[in-house]
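Here the structure is laid out as structure tokens; the discussion comes afterwards.
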Amino acid sequence: MEESGHYYSVYYVSIAVGFLNRIARQHAFFAQMPDEVSMLDATDLEVSYLFRTGDIPSSRLVPNSWRLRVEHGLHALTGRSAAAEQERTRQLLLATRDTDFVRLGLLLHRFGDTYAHTQIDHPDILYFADPAFPLTDRAGHGHLRHGHTPDEPWGLGRRALMRRYLTDLYQLFDTMAQRNPMNLRPTLATNKVSLAQVIDDFSMAEQAVDIMIRRRQEACVDSVYDGRRSIPMACFNQDAGAQREYITVLRRRITERTGGISFDPYEPEDQDLLTWQEFRERYRASYPELNQYNDQTIRDAVRQINAETNTIPSPAF
């Protein structure tokens with residue numbers, strides 16, 4: 001799932017049910033974190049494993065067992081029943097302390113991926129990463145055979161799935177919100193956003209993406225047949241434009257719905273992956289919870305999720 005799913009959807013729904021902005025921001029930031037840190041990012045680990053050459057820095061080379069811990073534990077690439085993994089992850093989230101934002105974030109990321117990583121051609125089953133599959137058989141390498149399409153919530157084939165995710169995320173956060181009134185906005189009685197309104201706003205974002213893509217396609221076709229004009233670079237990367245349009249609508253709608261609350265943009269959005277140490281040093285001032293974790297303890301947090309989700313790799317790997 002892209003930033004629009006892990007960061008902005010979590011942020012929006014957390015605000016919608018009534019969390020304070022600073023709490024919602026932490027939910028969102030840490031939910032996005034696994035896709036920003038090289039040792040936690042499934043794609044980076046998979047690519048560095050599949051294309052091991054002398055050009056890959058030694059810092060990028062990790063044991064295959066760690067790759068599987070991350071792909072199965074954090075990104076839900078287990079090949080199992082999506083519904084079962086969703087419920088398992090929901091229960092773990094409900095059992096996690098409100099103040100443990102790093103663990104909450106890891107589990108919120110997994111929760112999102114139990115929806116985003118359902119197979120396009122078998123929607124009840126998650127994609128899976130299996131070391132026994134060679135590169136020539138893409139079925140065993142996550143959603144490689146379908147590219148980035150599964151991670152794009154605005155895609156025509158993923159919109160019903162996105163509504164299920166939003167519904168379940170809303171209910172999850174609504175339950176969590178009841179545990180500690182100190183985490184809720186004092187104005188909640190007048191600016192809580194209903195689930196129906198959440199769905200409406202995400203539908204509006206999808207419609208904006210449709211319009212943007214249609215206009216861009218028309219412009220691209222025109223430029224192809226007009227030899228005097230160069231083809232815009234946007235014609236070659238429409239996903240980035242779609243995500244920006246989607247996010248822009250969501251940010252505007254949450255401000256309108258709540259009478260002034262605005263999203264903090266996602267800071268690492270346009271940056272390359274960082275090591276854990278780099279990520280922690282860069283953001284620890286804004287997110288002091290990062291100070292509780294070092295390279296070893298973040299690995300331990302992942303291993304704990306592996307144990308709780310029964311995603312411990314075979315000793316052979």
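Quick note on naming: the chains in the structure tokens go A, B, ... in the order shown, residues restart at 1 in each chain, and ligands are numbered from 1 in order of appearance.
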Residues near A:Thr118, anyone? I mean within 8 Å using only C-alpha atoms, not counting same-chain ones fewer than 6 positions away, as a VMD selection string. chain A and resid 82 124 to 127 150
Computed interatomic separation between atom CA of A:Ala301 and atom CA of A:Val102 (Å): 8.7 Å
Quick check, in Å to one decimal: how far apart do atom CA of A:Phe111 and atom CA of A:Val70 lie? 13.8 Å
Please identify every residue of stretch 57-106 of chain A that has at least one atom no farther than 12 Å from an atom of stretch 161-169 of chain A, counting only C-alpha atoms, and for each give the shortest atom pair and the distance in Å to one decimal, arranged by chain then increasing number, as JSON lines.
```
{"residue": "A:Ala82", "atom": "CA", "partner": "A:Leu161", "partner_atom": "CA", "distance": 11.4}
{"residue": "A:Ala83", "atom": "CA", "partner": "A:Arg164", "partner_atom": "CA", "distance": 11.1}
{"residue": "A:Gln86", "atom": "CA", "partner": "A:Asp168", "partner_atom": "CA", "distance": 9.2}
{"residue": "A:Glu87", "atom": "CA", "partner": "A:Asp168", "partner_atom": "CA", "distance": 9.9}
{"residue": "A:Thr89", "atom": "CA", "partner": "A:Leu169", "partner_atom": "CA", "distance": 11.4}
{"residue": "A:Arg90", "atom": "CA", "partner": "A:Leu169", "partner_atom": "CA", "distance": 9.0}
{"residue": "A:Leu93", "atom": "CA", "partner": "A:Leu169", "partner_atom": "CA", "distance": 10.9}
{"residue": "A:Leu94", "atom": "CA", "partner": "A:Leu169", "partner_atom": "CA", "distance": 11.7}
```
Using only C-alpha atoms, which protein or nucleic acid residues come within 10 Å of A:Met176? Drop anything in the same chain fewer than 6 positions from it, and give the result as number ranges by chain. A: 14, 17, 19, 93-98, 170, 183
As a PyMOL selection string, please: every residue in stretch 73-220 of chain A that a backbone DSSP assignment puts in helix (DSSP H, G or I). chain A and resi 73-74+82-94+101-116+138-140+144-146+149-151+156-177+181-183+188-191+195-220
Atoms to include: C-alpha atoms. Write the selected residues as an mmCIF file, in the first residue's frame.
```
data_model
loop_
_atom_site.group_PDB
_atom_site.id
_atom_site.type_symbol
_atom_site.label_atom_id
_atom_site.label_comp_id
_atom_site.auth_asym_id
_atom_site.auth_seq_id
_atom_site.Cartn_x
_atom_site.Cartn_y
_atom_site.Cartn_z
ATOM 1 C CA GLY A 73 5.411 -10.592 9.640
ATOM 2 C CA LEU A 74 5.186 -6.913 8.673
ATOM 3 C CA ALA A 82 -6.788 -12.669 4.244
ATOM 4 C CA ALA A 83 -9.731 -12.655 6.657
ATOM 5 C CA ALA A 84 -7.844 -14.750 9.203
ATOM 6 C CA GLU A 85 -4.765 -12.518 9.019
ATOM 7 C CA GLN A 86 -6.913 -9.395 9.313
ATOM 8 C CA GLU A 87 -8.589 -10.677 12.456
ATOM 9 C CA ARG A 88 -5.324 -11.887 13.956
ATOM 10 C CA THR A 89 -3.717 -8.479 13.409
ATOM 11 C CA ARG A 90 -6.766 -6.619 14.722
ATOM 12 C CA GLN A 91 -6.600 -8.570 17.968
ATOM 13 C CA LEU A 92 -2.903 -7.781 18.366
ATOM 14 C CA LEU A 93 -3.597 -4.085 17.832
ATOM 15 C CA LEU A 94 -6.314 -4.097 20.466
ATOM 16 C CA PHE A 101 3.515 3.862 18.979
ATOM 17 C CA VAL A 102 6.308 1.920 17.283
ATOM 18 C CA ARG A 103 4.618 -1.443 17.838
ATOM 19 C CA LEU A 104 1.233 0.065 16.967
ATOM 20 C CA GLY A 105 2.744 1.377 13.745
ATOM 21 C CA LEU A 106 4.261 -1.963 12.771
ATOM 22 C CA LEU A 107 0.924 -3.669 13.359
ATOM 23 C CA LEU A 108 -1.083 -0.938 11.602
ATOM 24 C CA HIS A 109 1.188 -1.409 8.605
ATOM 25 C CA ARG A 110 0.544 -5.133 8.689
ATOM 26 C CA PHE A 111 -3.186 -4.532 9.079
ATOM 27 C CA GLY A 112 -3.238 -2.379 5.948
ATOM 28 C CA ASP A 113 -1.256 -4.948 4.013
ATOM 29 C CA THR A 114 -3.661 -7.746 4.941
ATOM 30 C CA TYR A 115 -6.031 -5.894 2.596
ATOM 31 C CA ALA A 116 -3.645 -4.387 0.035
ATOM 32 C CA ARG A 138 6.729 -14.723 -9.926
ATOM 33 C CA ALA A 139 3.961 -16.326 -7.867
ATOM 34 C CA GLY A 140 6.356 -16.796 -4.961
ATOM 35 C CA LEU A 144 5.735 -9.020 -8.293
ATOM 36 C CA ARG A 145 3.576 -10.486 -11.039
ATOM 37 C CA HIS A 146 1.062 -7.648 -10.658
ATOM 38 C CA THR A 149 -1.264 -2.290 -8.796
ATOM 39 C CA PRO A 150 -2.294 -4.081 -5.568
ATOM 40 C CA ASP A 151 -0.867 -1.219 -3.491
ATOM 41 C CA LEU A 156 -10.555 0.595 -10.255
ATOM 42 C CA GLY A 157 -10.095 -3.010 -9.185
ATOM 43 C CA ARG A 158 -9.232 -2.174 -5.557
ATOM 44 C CA ARG A 159 -11.926 0.284 -4.539
ATOM 45 C CA ALA A 160 -14.324 -2.192 -2.951
ATOM 46 C CA LEU A 161 -11.375 -3.621 -1.038
ATOM 47 C CA MET A 162 -10.424 -0.119 0.107
ATOM 48 C CA ARG A 163 -13.933 0.421 1.466
ATOM 49 C CA ARG A 164 -13.680 -2.772 3.498
ATOM 50 C CA TYR A 165 -10.319 -1.653 4.840
ATOM 51 C CA LEU A 166 -11.651 1.794 5.764
ATOM 52 C CA THR A 167 -14.682 0.263 7.469
ATOM 53 C CA ASP A 168 -12.600 -2.159 9.513
ATOM 54 C CA LEU A 169 -9.964 0.484 10.307
ATOM 55 C CA TYR A 170 -12.665 2.900 11.452
ATOM 56 C CA GLN A 171 -14.197 0.288 13.749
ATOM 57 C CA LEU A 172 -10.757 -0.633 15.093
ATOM 58 C CA PHE A 173 -9.825 2.969 15.868
ATOM 59 C CA ASP A 174 -13.275 3.668 17.299
ATOM 60 C CA THR A 175 -12.763 0.817 19.763
ATOM 61 C CA MET A 176 -9.246 1.983 20.622
ATOM 62 C CA ALA A 177 -10.472 5.545 21.123
ATOM 63 C CA PRO A 181 -10.476 9.828 26.758
ATOM 64 C CA MET A 182 -7.299 11.891 27.207
ATOM 65 C CA ASN A 183 -6.325 10.934 23.644
ATOM 66 C CA LEU A 188 -15.380 15.558 19.489
ATOM 67 C CA ALA A 189 -19.102 16.067 20.070
ATOM 68 C CA THR A 190 -19.214 18.548 17.202
ATOM 69 C CA ASN A 191 -16.573 17.316 14.762
ATOM 70 C CA LEU A 195 -17.967 6.225 8.671
ATOM 71 C CA ALA A 196 -20.382 7.179 5.883
ATOM 72 C CA GLN A 197 -18.645 10.548 5.558
ATOM 73 C CA VAL A 198 -15.246 8.837 5.464
ATOM 74 C CA ILE A 199 -16.390 6.590 2.619
ATOM 75 C CA ASP A 200 -17.855 9.588 0.779
ATOM 76 C CA ASP A 201 -14.588 11.511 1.030
ATOM 77 C CA PHE A 202 -12.498 8.621 -0.256
ATOM 78 C CA SER A 203 -14.981 8.195 -3.114
ATOM 79 C CA MET A 204 -14.495 11.871 -3.906
ATOM 80 C CA ALA A 205 -10.729 11.311 -3.968
ATOM 81 C CA GLU A 206 -11.190 8.402 -6.384
ATOM 82 C CA GLN A 207 -13.336 10.538 -8.673
ATOM 83 C CA ALA A 208 -10.682 13.257 -8.670
ATOM 84 C CA VAL A 209 -8.084 10.673 -9.694
ATOM 85 C CA ASP A 210 -10.330 9.462 -12.519
ATOM 86 C CA ILE A 211 -10.706 13.001 -13.862
ATOM 87 C CA MET A 212 -6.980 13.692 -13.563
ATOM 88 C CA ILE A 213 -6.025 10.478 -15.368
ATOM 89 C CA ARG A 214 -8.555 11.060 -18.144
ATOM 90 C CA ARG A 215 -7.329 14.603 -18.760
ATOM 91 C CA ARG A 216 -3.716 13.515 -18.669
ATOM 92 C CA GLN A 217 -4.339 10.681 -21.098
ATOM 93 C CA GLU A 218 -6.010 13.092 -23.519
ATOM 94 C CA ALA A 219 -3.054 15.472 -23.257
ATOM 95 C CA CYS A 220 -0.597 12.629 -23.764
#
```
Residue among A:Asn294, A:Gln26, A:Ser81, A:Gln119 lying closest to A:Tyr12, counting only C-alpha atoms: A:Gln26
Contacts of A:Val37 at 7 Å (only C-alpha atoms; same-chain gap of 4+ positions) as an MDAnalysis selection string: chainID A and resid 33 41 273:276 279
I need the residues from that last selection saved to file as a CSV table (one decimal), in the first residue's frame (with all heavy atoms), if you can.
```
chain,number,residue,atom,x,y,z
A,33,MET,N,6.2,3.8,8.5
A,33,MET,CA,7.6,3.6,8.8
A,33,MET,C,8.2,2.4,8.1
A,33,MET,O,9.3,2.4,7.5
A,33,MET,CB,7.9,3.6,10.3
A,33,MET,CG,9.4,3.4,10.7
A,33,MET,SD,9.6,3.3,12.5
A,33,MET,CE,8.7,1.8,12.9
A,41,ASP,N,11.6,-2.8,4.8
A,41,ASP,CA,10.9,-2.6,3.5
A,41,ASP,C,11.0,-3.9,2.7
A,41,ASP,O,12.0,-4.4,2.3
A,41,ASP,CB,11.5,-1.5,2.7
A,41,ASP,CG,10.8,-1.3,1.4
A,41,ASP,OD1,9.6,-0.9,1.4
A,41,ASP,OD2,11.4,-1.5,0.4
A,273,LEU,N,15.1,5.3,0.8
A,273,LEU,CA,15.1,4.5,2.0
A,273,LEU,C,16.3,4.9,2.9
A,273,LEU,O,17.4,5.2,2.4
A,273,LEU,CB,15.1,3.0,1.7
A,273,LEU,CG,13.9,2.4,1.0
A,273,LEU,CD1,14.1,1.0,0.6
A,273,LEU,CD2,12.7,2.5,2.0
A,274,LEU,N,16.1,4.8,4.2
A,274,LEU,CA,17.1,5.1,5.2
A,274,LEU,C,17.4,3.8,6.0
A,274,LEU,O,16.6,2.9,6.1
A,274,LEU,CB,16.6,6.2,6.1
A,274,LEU,CG,16.3,7.5,5.5
A,274,LEU,CD1,15.7,8.4,6.6
A,274,LEU,CD2,17.4,8.2,4.8
A,275,THR,N,18.6,3.8,6.5
A,275,THR,CA,18.9,2.7,7.5
A,275,THR,C,18.1,3.0,8.8
A,275,THR,O,17.6,4.2,8.9
A,275,THR,CB,20.3,2.6,7.8
A,275,THR,OG1,20.7,3.8,8.5
A,275,THR,CG2,21.2,2.4,6.6
A,276,TRP,N,17.9,2.1,9.7
A,276,TRP,CA,17.2,2.3,10.9
A,276,TRP,C,17.9,3.5,11.7
A,276,TRP,O,17.2,4.4,12.2
A,276,TRP,CB,17.1,1.1,11.8
A,276,TRP,CG,16.6,1.4,13.1
A,276,TRP,CD1,17.2,1.5,14.3
A,276,TRP,CD2,15.2,1.7,13.4
A,276,TRP,NE1,16.4,1.8,15.3
A,276,TRP,CE2,15.1,2.0,14.8
A,276,TRP,CE3,14.1,1.9,12.6
A,276,TRP,CZ2,14.0,2.4,15.4
A,276,TRP,CZ3,12.9,2.2,13.3
A,276,TRP,CH2,12.8,2.5,14.6
A,279,PHE,N,17.1,6.8,10.0
A,279,PHE,CA,15.7,7.2,10.2
A,279,PHE,C,15.5,7.7,11.6
A,279,PHE,O,14.9,8.7,11.9
A,279,PHE,CB,14.8,6.0,10.0
A,279,PHE,CG,13.4,6.2,10.0
A,279,PHE,CD1,12.7,6.7,8.8
A,279,PHE,CD2,12.6,6.0,11.1
A,279,PHE,CE1,11.3,6.9,8.9
A,279,PHE,CE2,11.3,6.3,11.2
A,279,PHE,CZ,10.6,6.7,10.0
```
What gap, in Å, lies between atom CA of A:Thr43 and atom CA of A:Glu71? 8.7 Å
So that I can check the surroundings of A:Tyr266, please list as an NGL selection string every protein, DNA and RNA residue that reaches within 12 Å of it, counting only C-alpha atoms and ignoring chain neighbours fewer than 2 positions away. :A and (2-4 or 6-11 or 25-26 or 28-33 or 36 or 244 or 247 or 251 or 263-264 or 268-271 or 283)
